[in-house]
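With compact mmCIF, C-alpha atoms inside, this is protein_33.txt:
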# COMPACT_ATOMS: atom_id res chain seq x y z
CA MET A 8 127.03 137.52 194.29
CA GLU A 9 128.35 134.13 195.43
CA PRO A 10 128.11 131.65 192.53
CA ILE A 11 124.97 129.50 192.68
CA ALA A 12 125.09 126.63 190.17
CA PRO A 13 123.97 126.65 187.38
CA PHE A 14 123.59 130.46 187.34
CA ILE A 15 126.22 133.04 186.32
CA ALA A 16 126.95 136.58 187.57
CA LEU A 17 125.40 139.14 185.20
CA ASP A 18 127.24 142.10 183.75
CA PRO A 19 125.43 145.38 182.91
CA ILE A 20 126.37 145.42 179.21
CA ASN A 21 124.90 141.95 178.65
CA MET A 22 121.79 142.97 180.60
CA VAL A 23 121.26 146.00 178.33
CA GLY A 24 121.84 143.75 175.27
CA LEU A 25 119.21 141.25 176.45
CA PHE A 26 116.76 144.08 177.19
CA LEU A 27 117.17 145.38 173.62
CA ILE A 28 116.88 141.96 171.97
CA GLY A 29 113.85 141.36 174.21
CA PHE A 30 112.31 144.61 172.95
CA VAL A 31 112.75 143.74 169.27
CA GLY A 32 111.72 140.10 169.82
CA GLY A 33 108.64 141.27 171.73
CA MET A 34 107.65 143.57 168.91
CA VAL A 35 107.85 140.72 166.38
CA SER A 36 105.93 138.38 168.73
CA GLY A 37 103.18 140.94 169.25
CA PHE A 38 102.80 141.23 165.49
CA ILE A 39 103.20 137.70 164.09
CA GLY A 40 102.49 135.69 167.26
CA SER A 41 105.99 134.29 167.78
CA GLY A 42 109.66 135.02 167.24
CA GLY A 43 112.56 136.38 169.22
CA ALA A 44 113.39 133.10 170.93
CA PHE A 45 115.71 132.02 168.15
CA VAL A 46 118.01 134.96 168.87
CA LEU A 47 117.65 135.10 172.66
CA THR A 48 118.82 131.54 173.37
CA PRO A 49 122.10 131.79 171.40
CA ALA A 50 122.63 135.33 172.76
CA MET A 51 122.42 134.07 176.36
CA MET A 52 124.69 131.14 175.56
CA SER A 53 127.29 133.51 174.12
CA MET A 54 127.27 135.28 177.53
CA GLY A 55 128.31 132.00 179.16
CA VAL A 56 124.84 130.89 180.28
CA PRO A 57 124.60 127.06 180.09
CA GLY A 58 122.39 125.90 177.19
CA ILE A 59 119.65 124.37 179.32
CA VAL A 60 119.44 127.50 181.54
CA ALA A 61 119.23 129.69 178.41
CA VAL A 62 116.36 127.60 177.00
CA ALA A 63 114.58 127.48 180.39
CA SER A 64 114.94 131.23 181.08
CA ASN A 65 113.81 132.06 177.56
CA MET A 66 110.73 129.87 178.09
CA CYS A 67 110.01 131.61 181.41
CA HIS A 68 109.94 135.04 179.75
CA LYS A 69 107.82 133.71 176.89
CA PHE A 70 104.67 132.76 178.79
CA PRO A 71 104.16 136.08 180.66
CA LYS A 72 104.96 137.95 177.42
CA ALA A 73 102.42 135.85 175.51
CA LEU A 74 99.88 136.46 178.29
CA VAL A 75 100.23 140.24 177.98
CA GLY A 76 100.19 140.07 174.16
CA ALA A 77 97.15 137.80 174.04
CA TYR A 78 95.25 140.06 176.47
CA LYS A 79 96.10 143.13 174.40
CA ARG A 80 95.05 141.55 171.12
CA ALA A 81 91.91 140.06 172.67
CA LYS A 82 90.87 143.65 173.39
CA TYR A 83 91.00 144.25 169.61
CA GLY A 84 88.75 141.21 169.04
CA GLN A 85 91.52 139.22 167.33
CA VAL A 86 91.87 136.21 169.67
CA ASP A 87 89.99 132.89 169.45
CA LEU A 88 90.51 131.73 173.04
CA LYS A 89 88.89 128.30 172.58
CA LEU A 90 91.03 127.49 169.55
CA GLY A 91 94.16 128.77 171.32
CA ILE A 92 93.62 126.65 174.44
CA ILE A 93 92.84 123.41 172.55
CA PHE A 94 95.72 124.02 170.15
CA GLY A 95 97.98 124.88 173.11
CA LEU A 96 97.16 121.66 174.99
CA ALA A 97 97.98 119.59 171.88
CA ALA A 98 101.17 121.63 171.49
CA GLU A 99 102.09 120.86 175.10
CA ALA A 100 102.03 117.14 174.25
CA GLY A 101 104.23 117.91 171.22
CA VAL A 102 106.71 119.77 173.44
CA LEU A 103 107.07 116.77 175.76
CA VAL A 104 107.65 114.34 172.87
CA GLY A 105 109.95 116.83 171.09
CA ALA A 106 112.09 117.26 174.22
CA HIS A 107 112.50 113.46 174.54
CA LEU A 108 113.37 113.22 170.84
CA GLN A 109 115.94 115.97 171.24
CA GLN A 110 117.52 114.21 174.23
CA ALA A 111 117.59 110.89 172.33
CA VAL A 112 119.39 112.52 169.38
CA GLU A 113 121.89 114.14 171.75
CA ARG A 114 122.55 110.82 173.55
CA THR A 115 123.09 108.98 170.27
CA PHE A 116 124.95 111.53 168.16
CA GLY A 117 126.34 113.99 170.75
CA ASN A 118 126.08 117.78 170.79
CA ALA A 119 127.15 118.25 167.16
CA GLY A 120 124.58 115.66 166.04
CA SER A 121 121.89 117.47 168.01
CA ASN A 122 122.88 120.81 166.46
CA LEU A 123 122.80 119.29 162.98
CA TYR A 124 119.37 117.78 163.68
CA VAL A 125 118.03 121.20 164.80
CA SER A 126 119.52 122.90 161.73
CA VAL A 127 118.10 120.32 159.32
CA VAL A 128 114.61 120.68 160.90
CA PHE A 129 114.99 124.47 160.64
CA VAL A 130 115.97 124.29 156.96
CA ILE A 131 113.21 121.84 155.95
CA VAL A 132 110.39 123.59 157.85
CA LEU A 133 111.45 127.12 156.96
CA SER A 134 112.09 126.43 153.30
CA VAL A 135 108.75 124.65 152.79
CA VAL A 136 106.45 126.60 155.12
CA GLY A 137 108.37 129.91 155.04
CA GLY A 138 108.57 129.85 151.25
CA PHE A 139 104.83 129.17 151.03
CA VAL A 140 103.91 131.95 153.50
CA LEU A 141 106.15 134.46 151.72
CA ARG A 142 104.77 133.52 148.29
CA ASP A 143 101.19 133.84 149.57
CA GLY A 144 102.00 137.19 151.22
CA ILE A 145 103.47 138.55 147.98
CA ARG A 146 100.46 137.23 145.99
CA SER A 147 97.98 138.92 148.36
CA TRP A 148 100.01 142.14 148.29
CA ARG A 149 100.04 142.22 144.48
CA ALA A 150 96.32 141.44 144.32
CA GLY A 151 95.66 144.56 146.46
CA ASP A 152 92.00 145.19 147.18
CA GLY A 153 91.00 142.32 144.88
CA PHE A 154 92.20 139.78 147.44
CA ASP A 155 89.80 138.71 150.17
CA ASP A 156 91.55 137.42 153.30
CA ASN A 157 88.25 136.22 154.72
CA GLN A 158 88.02 133.47 152.13
CA PRO A 159 89.66 130.20 153.21
CA GLY A 160 91.93 128.48 150.67
CA ARG A 161 91.21 125.20 148.91
CA LEU A 162 92.85 123.04 151.61
CA ALA A 163 90.98 124.84 154.41
CA ARG A 164 87.66 124.42 152.58
CA ARG A 165 88.30 120.68 152.29
CA VAL A 166 89.22 120.44 155.99
CA GLN A 167 86.11 122.40 156.98
CA ALA A 168 83.98 119.97 154.95
CA ILE A 169 85.19 116.96 156.98
CA ASN A 170 82.56 115.81 159.46
CA ILE A 171 83.59 113.35 162.18
CA PRO A 172 80.57 112.93 164.49
CA GLY A 173 81.23 113.52 168.17
CA THR A 174 84.43 115.53 167.54
CA MET A 175 83.04 118.65 165.85
CA MET A 176 83.48 122.00 167.57
CA TYR A 177 82.57 125.56 166.53
CA PHE A 178 85.36 128.15 166.36
CA LYS A 179 84.55 131.83 165.91
CA SER A 180 87.76 132.54 163.99
CA ILE A 181 86.92 129.87 161.41
CA GLY A 182 83.21 130.65 161.39
CA THR A 183 82.24 126.99 161.24
CA ARG A 184 82.66 123.63 163.01
CA VAL A 185 85.93 121.72 162.67
CA SER A 186 86.90 118.34 164.12
CA VAL A 187 89.26 118.52 167.10
CA LEU A 188 90.92 115.42 165.63
CA ILE A 189 92.28 117.74 162.91
CA LEU A 190 93.40 120.35 165.43
CA PHE A 191 95.34 117.89 167.54
CA PRO A 192 98.07 116.91 165.01
CA LEU A 193 98.51 120.56 164.02
CA GLY A 194 98.96 121.62 167.66
CA PHE A 195 101.19 118.62 168.29
CA ALA A 196 103.45 119.59 165.35
CA THR A 197 103.61 123.15 166.70
CA GLY A 198 104.83 121.85 170.07
CA LEU A 199 107.27 119.45 168.44
CA LEU A 200 108.79 122.35 166.53
CA ALA A 201 108.84 124.57 169.62
CA ALA A 202 110.81 121.91 171.50
CA THR A 203 113.24 121.57 168.60
CA ILE A 204 113.85 125.11 167.29
CA ALA A 205 112.13 127.19 170.04
CA VAL A 206 109.65 128.84 167.64
CA GLY A 207 106.50 126.75 167.34
CA GLY A 208 104.65 129.64 165.73
CA PHE A 209 106.41 128.97 162.42
CA ILE A 210 104.13 125.91 162.15
CA GLY A 211 101.25 127.07 164.37
CA VAL A 212 100.31 130.28 162.52
CA PRO A 213 100.59 128.90 158.95
CA SER A 214 98.65 125.75 159.89
CA MET A 215 95.85 127.84 161.40
CA MET A 216 95.77 130.04 158.28
CA TYR A 217 96.10 127.46 155.52
CA VAL A 218 94.74 124.23 157.02
CA LEU A 219 91.94 125.59 159.23
CA GLY A 220 91.12 128.80 157.32
CA VAL A 221 91.72 131.25 160.20
CA PRO A 222 92.42 134.82 158.90
CA GLY A 223 96.09 135.85 159.30
CA ILE A 224 95.48 138.51 161.96
CA MET A 225 93.43 136.15 164.12
CA ALA A 226 95.89 133.27 163.62
CA SER A 227 98.84 135.36 164.79
CA ALA A 228 96.84 136.62 167.81
CA THR A 229 95.59 133.13 168.74
CA GLU A 230 99.18 131.84 168.51
CA LEU A 231 99.93 134.02 171.57
CA VAL A 232 97.42 131.93 173.57
CA VAL A 233 99.14 128.77 172.28
CA ALA A 234 102.53 130.23 173.28
CA PHE A 235 101.18 131.01 176.76
CA VAL A 236 99.87 127.47 177.33
CA MET A 237 103.06 125.89 175.92
CA GLY A 238 105.35 128.34 177.71
CA LEU A 239 103.65 127.89 181.09
CA GLY A 240 103.86 124.08 180.89
CA GLY A 241 107.48 124.20 179.70
CA SER A 242 108.47 126.73 182.37
CA ILE A 243 106.97 124.61 185.16
CA LYS A 244 108.89 121.60 183.81
CA PHE A 245 112.23 123.46 183.60
CA ALA A 246 111.69 125.36 186.86
CA SER A 247 110.92 122.11 188.72
CA ALA A 248 114.41 120.95 187.73
CA GLY A 249 115.89 124.30 188.92
CA PHE A 250 117.06 125.53 185.50
CA VAL A 251 115.22 128.89 185.30
CA ASP A 252 117.38 131.98 185.94
CA ILE A 253 114.54 134.32 186.81
CA ARG A 254 116.84 137.39 186.59
CA LEU A 255 117.57 136.68 182.91
CA ALA A 256 113.91 135.95 182.20
CA MET A 257 112.77 139.21 183.83
CA ILE A 258 115.39 141.36 182.06
CA ILE A 259 114.21 140.00 178.71
CA LEU A 260 110.59 140.45 179.82
CA ALA A 261 111.28 144.10 180.72
CA GLY A 262 112.20 144.82 177.08
CA SER A 263 109.77 142.45 175.44
CA LEU A 264 106.69 143.90 177.16
CA PHE A 265 107.54 147.33 175.71
CA GLY A 266 107.91 145.64 172.31
CA ILE A 267 104.84 143.44 172.40
CA GLN A 268 102.57 146.46 172.92
CA ILE A 269 103.96 148.08 169.74
CA GLY A 270 103.60 144.85 167.76
CA ALA A 271 100.01 144.37 168.93
CA ILE A 272 99.06 147.99 168.20
CA GLY A 273 100.68 147.63 164.75
CA THR A 274 98.25 144.84 163.80
CA THR A 275 95.31 147.24 164.05
CA TYR A 276 96.74 149.42 161.25
CA VAL A 277 97.80 146.85 158.66
CA ARG A 278 96.07 144.74 156.08
CA PRO A 279 96.27 141.00 156.84
CA TYR A 280 98.78 140.26 154.07
CA VAL A 281 101.40 142.36 155.91
CA ILE A 282 101.44 139.74 158.71
CA LYS A 283 102.14 137.04 156.10
CA LEU A 284 104.82 139.14 154.40
CA VAL A 285 106.65 139.92 157.67
CA MET A 286 106.42 136.31 158.82
CA GLY A 287 107.58 134.96 155.45
CA VAL A 288 110.55 137.33 155.26
CA ILE A 289 111.63 136.45 158.83
CA MET A 290 111.29 132.71 158.18
CA VAL A 291 113.32 132.82 154.97
CA THR A 292 116.05 134.98 156.59
CA VAL A 293 116.27 132.54 159.53
CA LEU A 294 116.51 129.72 156.98
CA PHE A 295 119.66 131.30 155.53
CA SER A 296 121.18 131.70 158.99
CA ARG A 297 120.87 127.95 159.57
CA LEU A 298 122.14 127.04 156.10
CA ILE A 299 125.29 129.08 156.75
CA VAL A 300 126.23 127.08 159.85
CA ILE A 301 125.52 123.53 158.60
CA PRO A 302 129.13 122.94 157.32
CA VAL A 303 130.39 123.55 160.89
CA TYR A 304 128.21 120.76 162.30
CA LEU A 305 129.08 118.44 159.39
CA ALA A 306 132.77 119.02 160.16
CA ASP A 307 132.17 118.37 163.89
CA LEU A 308 130.61 115.02 162.95
CA GLU A 309 133.59 114.33 160.64
CA LEU A 310 131.25 114.00 157.65
CA ILE A 311 133.40 116.58 155.80
CA GLY A 312 137.01 117.73 156.32
CA THR A 313 137.96 119.92 159.30
CA LEU A 314 137.29 123.61 158.74
CA PRO A 315 139.96 126.25 159.48
CA THR A 316 139.23 128.04 162.82
CA THR A 317 138.69 131.41 161.14
CA THR A 318 136.21 129.90 158.64
CA GLU A 319 134.32 128.20 161.47
CA ARG A 320 134.15 131.42 163.48
CA LEU A 321 133.08 133.38 160.42
CA LEU A 322 130.26 130.91 159.70
CA ARG A 323 129.05 130.87 163.33
CA ASP A 324 129.12 134.68 163.59
CA GLY A 325 127.51 135.01 160.16
CA SER A 326 124.71 132.70 161.27
CA PHE A 327 124.06 134.62 164.51
CA TYR A 328 124.07 138.03 162.85
CA THR A 329 121.73 136.78 160.12
CA LEU A 330 119.32 135.80 162.93
CA VAL A 331 119.64 139.29 164.41
CA ALA A 332 119.03 140.71 160.92
CA ALA A 333 115.83 138.60 160.64
CA LEU A 334 114.50 140.21 163.83
CA LEU A 335 115.56 143.72 162.79
CA ILE A 336 113.95 143.37 159.34
CA GLY A 337 110.71 142.28 161.02
CA ALA A 338 110.88 145.14 163.53
CA ALA A 339 111.58 147.71 160.79
CA ALA A 340 108.57 146.47 158.77
CA ILE A 341 106.34 146.73 161.87
CA PHE A 342 107.58 150.24 162.71
CA ARG A 343 106.98 151.33 159.13
CA ALA A 344 103.46 149.88 159.05
CA LEU A 345 102.65 151.50 162.41
CA TRP A 346 104.09 154.88 161.38
CA ILE A 347 102.24 154.99 158.05
CA GLY A 348 99.02 153.65 159.62
CA MET A 349 99.01 156.21 162.43
CA ARG A 350 99.78 159.07 160.04
CA GLU A 351 96.99 158.05 157.65
CA SER A 352 94.61 157.55 160.54
CA ARG A 353 95.35 161.04 161.94
CA GLY A 354 94.95 162.50 158.45
CA THR A 355 91.52 160.85 158.13
CA VAL A 356 90.42 162.14 161.54
CA ALA A 357 91.69 165.65 160.75
CA ALA A 358 89.88 165.64 157.37
CA MET B 15 89.67 170.90 180.53
CA HIS B 16 88.00 167.53 180.96
CA VAL B 17 90.40 165.91 178.43
CA ARG B 18 93.40 167.52 180.14
CA ALA B 19 92.30 166.17 183.55
CA ARG B 20 91.90 162.70 182.07
CA LEU B 21 95.35 162.88 180.48
CA GLN B 22 96.90 163.99 183.76
CA ALA B 23 95.24 161.09 185.62
CA LYS B 24 96.52 158.69 182.96
CA THR B 25 100.05 160.11 183.18
CA LEU B 26 99.99 159.85 186.96
CA ARG B 27 98.79 156.23 186.78
CA THR B 28 101.58 155.44 184.28
CA VAL B 29 104.24 157.02 186.49
CA LEU B 30 102.98 155.10 189.56
CA LEU B 31 102.97 151.82 187.64
CA GLY B 32 106.48 152.59 186.34
CA VAL B 33 107.74 153.26 189.87
CA PHE B 34 106.12 150.06 191.13
CA SER B 35 107.63 148.07 188.25
CA LEU B 36 111.08 149.55 188.93
CA PHE B 37 110.66 148.74 192.64
CA LEU B 38 109.97 145.08 191.76
CA TYR B 39 113.16 144.96 189.67
CA VAL B 40 115.17 146.54 192.52
CA LEU B 41 113.75 143.92 194.90
CA LEU B 42 114.60 141.10 192.46
CA PHE B 43 118.25 142.13 192.24
CA ALA B 44 118.57 143.10 195.91
CA PHE B 45 117.53 139.59 196.93
CA GLU B 46 118.90 137.74 193.88
CA GLU B 47 120.93 135.17 195.86
CA ARG B 48 118.01 134.19 198.06
CA ILE B 49 115.62 134.05 195.10
CA LEU B 50 118.00 131.92 192.99
CA LEU B 51 118.49 129.55 195.93
CA LEU B 52 114.71 129.29 196.37
CA SER B 53 114.45 128.53 192.62
CA THR B 54 116.65 125.47 192.94
CA GLN B 55 115.57 123.94 196.26
CA GLY B 56 112.62 121.73 197.12
CA SER B 57 109.85 120.08 195.16
CA LEU B 58 107.89 123.35 194.96
CA ALA B 59 110.92 125.33 193.70
CA PHE B 60 109.09 126.06 190.44
CA LEU B 61 106.62 128.28 192.31
CA THR B 62 109.27 130.98 192.88
CA PRO B 63 110.10 131.80 189.22
CA ILE B 64 106.55 131.18 187.97
CA SER B 65 104.93 133.48 190.54
CA ILE B 66 107.59 136.18 190.01
CA ALA B 67 107.01 136.00 186.24
CA LEU B 68 103.24 136.38 186.69
CA VAL B 69 103.51 139.35 189.09
CA PHE B 70 105.99 141.13 186.78
CA SER B 71 103.79 140.50 183.75
CA PHE B 72 100.78 142.14 185.42
CA VAL B 73 102.62 145.18 186.78
CA HIS B 74 105.14 145.77 183.98
CA GLY B 75 102.54 144.81 181.35
CA ALA B 76 100.12 147.45 182.66
CA PHE B 77 102.94 150.01 182.79
CA THR B 78 104.15 149.40 179.21
CA SER B 79 100.58 149.52 177.89
CA ASN B 80 99.97 152.89 179.57
CA PHE B 81 103.45 154.12 178.60
CA TRP B 82 102.80 153.93 174.84
CA ASP B 83 99.26 155.21 175.30
CA VAL B 84 100.51 158.35 177.06
CA LEU B 85 103.08 158.85 174.28
CA GLY B 86 100.24 158.75 171.73
CA VAL B 87 101.00 155.30 170.26
CA ARG B 88 97.44 153.96 170.23
CA PRO B 89 95.57 151.33 168.23
CA LYS B 90 93.22 152.24 165.43
CA THR B 91 89.95 152.56 167.31
CA ARG B 92 87.45 149.89 166.49
CA ARG B 93 85.92 146.88 168.20
CA GLU B 94 86.20 144.44 165.32
CA PRO B 95 89.42 143.31 163.61
CA ARG B 96 90.24 144.78 160.26
CA ARG B 97 89.36 141.62 158.31
CA TRP B 98 85.66 142.44 158.70
CA ASN B 99 85.78 145.95 157.34
CA ARG B 100 88.43 145.97 154.62
Is it possible to give me this structure as structure tokens?
Amino acid sequence: MEPIAPFIALDPINMVGLFLIGFVGGMVSGFIGSGGAFVLTPAMMSMGVPGIVAVASNMCHKFPKALVGAYKRAKYGQVDLKLGIIFGLAAEAGVLVGAHLQQAVERTFGNAGSNLYVSVVFVIVLSVVGGFVLRDGIRSWRAGDGFDDNQPGRLARRVQAINIPGTMMYFKSIGTRVSVLILFPLGFATGLLAATIAVGGFIGVPSMMYVLGVPGIMASATELVVAFVMGLGGSIKFASAGFVDIRLAMIILAGSLFGIQIGAIGTTYVRPYVIKLVMGVIMVTVLFSRLIVIPVYLADLELIGTLPTTTERLLRDGSFYTLVAALLIGAAAIFRALWIGMRESRGTVAA
Amino acid sequence: MHVRARLQAKTLRTVLLGVFSLFLYVLLFAFEERILLLSTQGSLAFLTPISIALVFSFVHGAFTSNFWDVLGVRPKTRREPRRWNR
């Protein structure tokens, strides 16, 4: 192929690699509502794809994947379409503001400053929200049958009690009316995070669960609608500027659609706390991957002494492989849950 | 006999969807230069990648869904999510 800027020629080994990462990322997305993007973008960049093309192509595989996942999980009765669309529109506004913020940071502090900003956001959000989700997942797991996932927490009960006339709307996943004025900042924060670290679901799903009182399984399914709305808007924006490499997007989509079916099917066999556990473990593992690489960005900004080349390489590689490990841990947990669930289910039918 | 006929029809549908999906991928790479050029030119350039993504999601999505179904990887049968019948 003759070179067409800004696109690169693709080699078969990289294509197979992207297909496989797409498969694992799709499986995690189908199960917890998001994920995969944090590995795909750096993976494409390591192939020589320019950063903006990697982000744009990733976005363009995300919205059709989310569409298929949302449709599948809607068939299981897990999706709140109204909540997803309203949340998604607010998230779209967050994406636009987040992208401007990201560009402003890059203009002021350069590429290293932008990387440090992304890492700091990663660390703060994942340590606070990820730690909370994981702790709650472990608590529900230990409580066993004594824990009722249908019951909203204290914060959600308070939010549900707020009545702002003219803004109240009924949502089937919450089972009551909630003000859209409360939904908007949550959706906006989801979009802001998506524009910064590419995984808005790390805010979207926990905020639906803990602030609105949506059960974990429905929150993760509804997040796929949010991802579709956000992804479609973002893809149109990037594609209008000519940054989408549709070949890359469709290779990833080829793998991720196999994966998303498995992830979605897996949700029908597990108890809701498993979603929280998987999500919490992934978030905390991703947190470590970003912590590892922070000294590299600090050195780039000359805030600490220069690092030896081998140390820098070791830290960057360590960070990337920790991200891959986060995805693989999630995928292994989903496979295990699916395997055990299907075996038990067949045993019940046979009995 | 009835179940076997239904399984065969499902397998046939899966194979046809798989062939169609593969055909779309062959087309994408056979015309990659033209498609990439279309993706970067004109004010409506965004329509090329967006429409390709939608078509692939319908065809490949239907194929992958049927693929796992034929292999026996199926959801736990129920209409309501688990949270209502724990």
Smallest atom-to-atom distance to Phe70 in chain A: which of B:Ala67, B:Phe81, B:Thr54, B:Phe37, using all atoms listed in the file?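 The closest residue to Phe70 in chain A is B:Ala67.
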Would you mind listing, for every residue of chain B within 10 Å of chain A, the two atoms forming the shortest contact and the distance between them in Å to one decimal, using only C-alpha atoms, sorted by chain and ascending residue number, as a tab-separated table?
residue	atom	partner	partner_atom	distance
B:Ser35	CA	A:Ala261	CA	9.3
B:Leu36	CA	A:Ala261	CA	9.9
B:Tyr39	CA	A:Met257	CA	8.2
B:Leu42	CA	A:Arg254	CA	7.3
B:Phe43	CA	A:Arg254	CA	7.5
B:Glu46	CA	A:Arg254	CA	7.6
B:Glu47	CA	A:Met8	CA	6.7
B:Arg48	CA	A:Ile11	CA	10.0
B:Ile49	CA	A:Ile253	CA	8.4
B:Leu50	CA	A:Asp252	CA	7.1
B:Leu51	CA	A:Ile11	CA	7.2
B:Leu52	CA	A:Gly249	CA	9.0
B:Ser53	CA	A:Gly249	CA	5.8
B:Thr54	CA	A:Gly249	CA	4.3
B:Gln55	CA	A:Gly249	CA	7.4
B:Gly56	CA	A:Ser247	CA	8.6
B:Ser57	CA	A:Ser247	CA	6.8
B:Leu58	CA	A:Ser247	CA	7.0
B:Ala59	CA	A:Ser247	CA	5.9
B:Phe60	CA	A:Ala246	CA	4.5
B:Leu61	CA	A:Ala246	CA	8.0
B:Thr62	CA	A:Ala246	CA	8.6
B:Pro63	CA	A:Ile253	CA	5.6
B:Ile64	CA	A:Ile243	CA	7.2
B:Ile66	CA	A:Ile253	CA	7.9
B:Ala67	CA	A:Pro71	CA	6.3
B:Leu68	CA	A:Pro71	CA	6.1
B:Val69	CA	A:Pro71	CA	9.1
B:Phe70	CA	A:Met257	CA	7.6
B:Ser71	CA	A:Pro71	CA	5.4
B:Phe72	CA	A:Val75	CA	7.7
B:His74	CA	A:Ala261	CA	7.1
B:Gly75	CA	A:Leu264	CA	6.0
B:Ala76	CA	A:Val75	CA	8.6
B:Phe77	CA	A:Phe265	CA	8.9
B:Thr78	CA	A:Phe265	CA	5.3
B:Ser79	CA	A:Gln268	CA	6.2
B:Asn80	CA	A:Gln268	CA	9.6
B:Phe81	CA	A:Phe265	CA	8.4
B:Trp82	CA	A:Gln268	CA	7.7
B:Asp83	CA	A:Gln268	CA	9.7
B:Gly86	CA	A:Met349	CA	9.7
B:Val87	CA	A:Ile269	CA	7.8
B:Arg88	CA	A:Ile272	CA	6.5
B:Pro89	CA	A:Ile272	CA	4.8
B:Lys90	CA	A:Thr275	CA	5.6
B:Thr91	CA	A:Thr275	CA	8.2
B:Arg92	CA	A:Tyr83	CA	7.4
B:Arg93	CA	A:Tyr83	CA	5.9
B:Glu94	CA	A:Gly84	CA	5.5
B:Pro95	CA	A:Gly84	CA	5.9
B:Arg96	CA	A:Thr275	CA	6.8
B:Arg97	CA	A:Asn157	CA	6.6
B:Trp98	CA	A:Asn157	CA	7.8
B:Arg100	CA	A:Arg278	CA	7.9
Could you save the residues just selected, with C-alpha atoms, as a CSV table (one decimal), keeping the file's coordinate frame?
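Below is the file selection-v6.csv, written as the result:
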chain,number,residue,atom,x,y,z
B,35,SER,CA,107.6,148.1,188.2
B,36,LEU,CA,111.1,149.6,188.9
B,39,TYR,CA,113.2,145.0,189.7
B,42,LEU,CA,114.6,141.1,192.5
B,43,PHE,CA,118.2,142.1,192.2
B,46,GLU,CA,118.9,137.7,193.9
B,47,GLU,CA,120.9,135.2,195.9
B,48,ARG,CA,118.0,134.2,198.1
B,49,ILE,CA,115.6,134.0,195.1
B,50,LEU,CA,118.0,131.9,193.0
B,51,LEU,CA,118.5,129.6,195.9
B,52,LEU,CA,114.7,129.3,196.4
B,53,SER,CA,114.4,128.5,192.6
B,54,THR,CA,116.6,125.5,192.9
B,55,GLN,CA,115.6,123.9,196.3
B,56,GLY,CA,112.6,121.7,197.1
B,57,SER,CA,109.8,120.1,195.2
B,58,LEU,CA,107.9,123.4,195.0
B,59,ALA,CA,110.9,125.3,193.7
B,60,PHE,CA,109.1,126.1,190.4
B,61,LEU,CA,106.6,128.3,192.3
B,62,THR,CA,109.3,131.0,192.9
B,63,PRO,CA,110.1,131.8,189.2
B,64,ILE,CA,106.6,131.2,188.0
B,66,ILE,CA,107.6,136.2,190.0
B,67,ALA,CA,107.0,136.0,186.2
B,68,LEU,CA,103.2,136.4,186.7
B,69,VAL,CA,103.5,139.4,189.1
B,70,PHE,CA,106.0,141.1,186.8
B,71,SER,CA,103.8,140.5,183.8
B,72,PHE,CA,100.8,142.1,185.4
B,74,HIS,CA,105.1,145.8,184.0
B,75,GLY,CA,102.5,144.8,181.4
B,76,ALA,CA,100.1,147.4,182.7
B,77,PHE,CA,102.9,150.0,182.8
B,78,THR,CA,104.2,149.4,179.2
B,79,SER,CA,100.6,149.5,177.9
B,80,ASN,CA,100.0,152.9,179.6
B,81,PHE,CA,103.4,154.1,178.6
B,82,TRP,CA,102.8,153.9,174.8
B,83,ASP,CA,99.3,155.2,175.3
B,86,GLY,CA,100.2,158.8,171.7
B,87,VAL,CA,101.0,155.3,170.3
B,88,ARG,CA,97.4,154.0,170.2
B,89,PRO,CA,95.6,151.3,168.2
B,90,LYS,CA,93.2,152.2,165.4
B,91,THR,CA,90.0,152.6,167.3
B,92,ARG,CA,87.4,149.9,166.5
B,93,ARG,CA,85.9,146.9,168.2
B,94,GLU,CA,86.2,144.4,165.3
B,95,PRO,CA,89.4,143.3,163.6
B,96,ARG,CA,90.2,144.8,160.3
B,97,ARG,CA,89.4,141.6,158.3
B,98,TRP,CA,85.7,142.4,158.7
B,100,ARG,CA,88.4,146.0,154.6
Show me, as a PDB file with C-alpha atoms, in the frame of the given file, the residues that have an atom within 10 Å of Gly312 in chain A when counting all atoms listed in the file, minus same-chain residues fewer than 5 positions from it.
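Listing of out.pdb after writing:
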ATOM      1  CA  PRO A 302     129.130 122.940 157.320  1.00  0.00           C
ATOM      2  CA  VAL A 303     130.390 123.550 160.890  1.00  0.00           C
ATOM      3  CA  LEU A 305     129.080 118.440 159.390  1.00  0.00           C
ATOM      4  CA  ALA A 306     132.770 119.020 160.160  1.00  0.00           C
ATOM      5  CA  ASP A 307     132.170 118.370 163.890  1.00  0.00           C
TER       6      ASP A 307
END
Range 190-192 of chain A: which residues within 8 Å, counting all atoms listed in the file, same-chain residues fewer than 5 positions away excluded, as a list in words?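 Non-adjacent residues within range: Ile93, Phe94, Ala97 and Ala98 of chain A.
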Leaving out range 290-301 of chain A and any residue of its chain fewer than 6 positions from it, which residues lie within 7 Å of it when counting only C-alpha atoms, given as a short mmCIF file (atom, residue, chain, number, x, y, z; two decimals) with C-alpha atoms, keeping the file's coordinate frame?
data_model
loop_
_atom_site.label_atom_id
_atom_site.label_comp_id
_atom_site.auth_asym_id
_atom_site.auth_seq_id
_atom_site.Cartn_x
_atom_site.Cartn_y
_atom_site.Cartn_z
CA LEU A 123 122.80 119.29 162.98
CA SER A 126 119.52 122.90 161.73
CA PHE A 129 114.99 124.47 160.64
CA VAL A 130 115.97 124.29 156.96
CA LEU A 133 111.45 127.12 156.96
CA SER A 134 112.09 126.43 153.30
CA GLY A 137 108.37 129.91 155.04
CA GLY A 138 108.57 129.85 151.25
CA LEU A 322 130.26 130.91 159.70
CA ARG A 323 129.05 130.87 163.33
CA SER A 326 124.71 132.70 161.27
CA PHE A 327 124.06 134.62 164.51
CA THR A 329 121.73 136.78 160.12
CA LEU A 330 119.32 135.80 162.93
CA ALA A 333 115.83 138.60 160.64
#
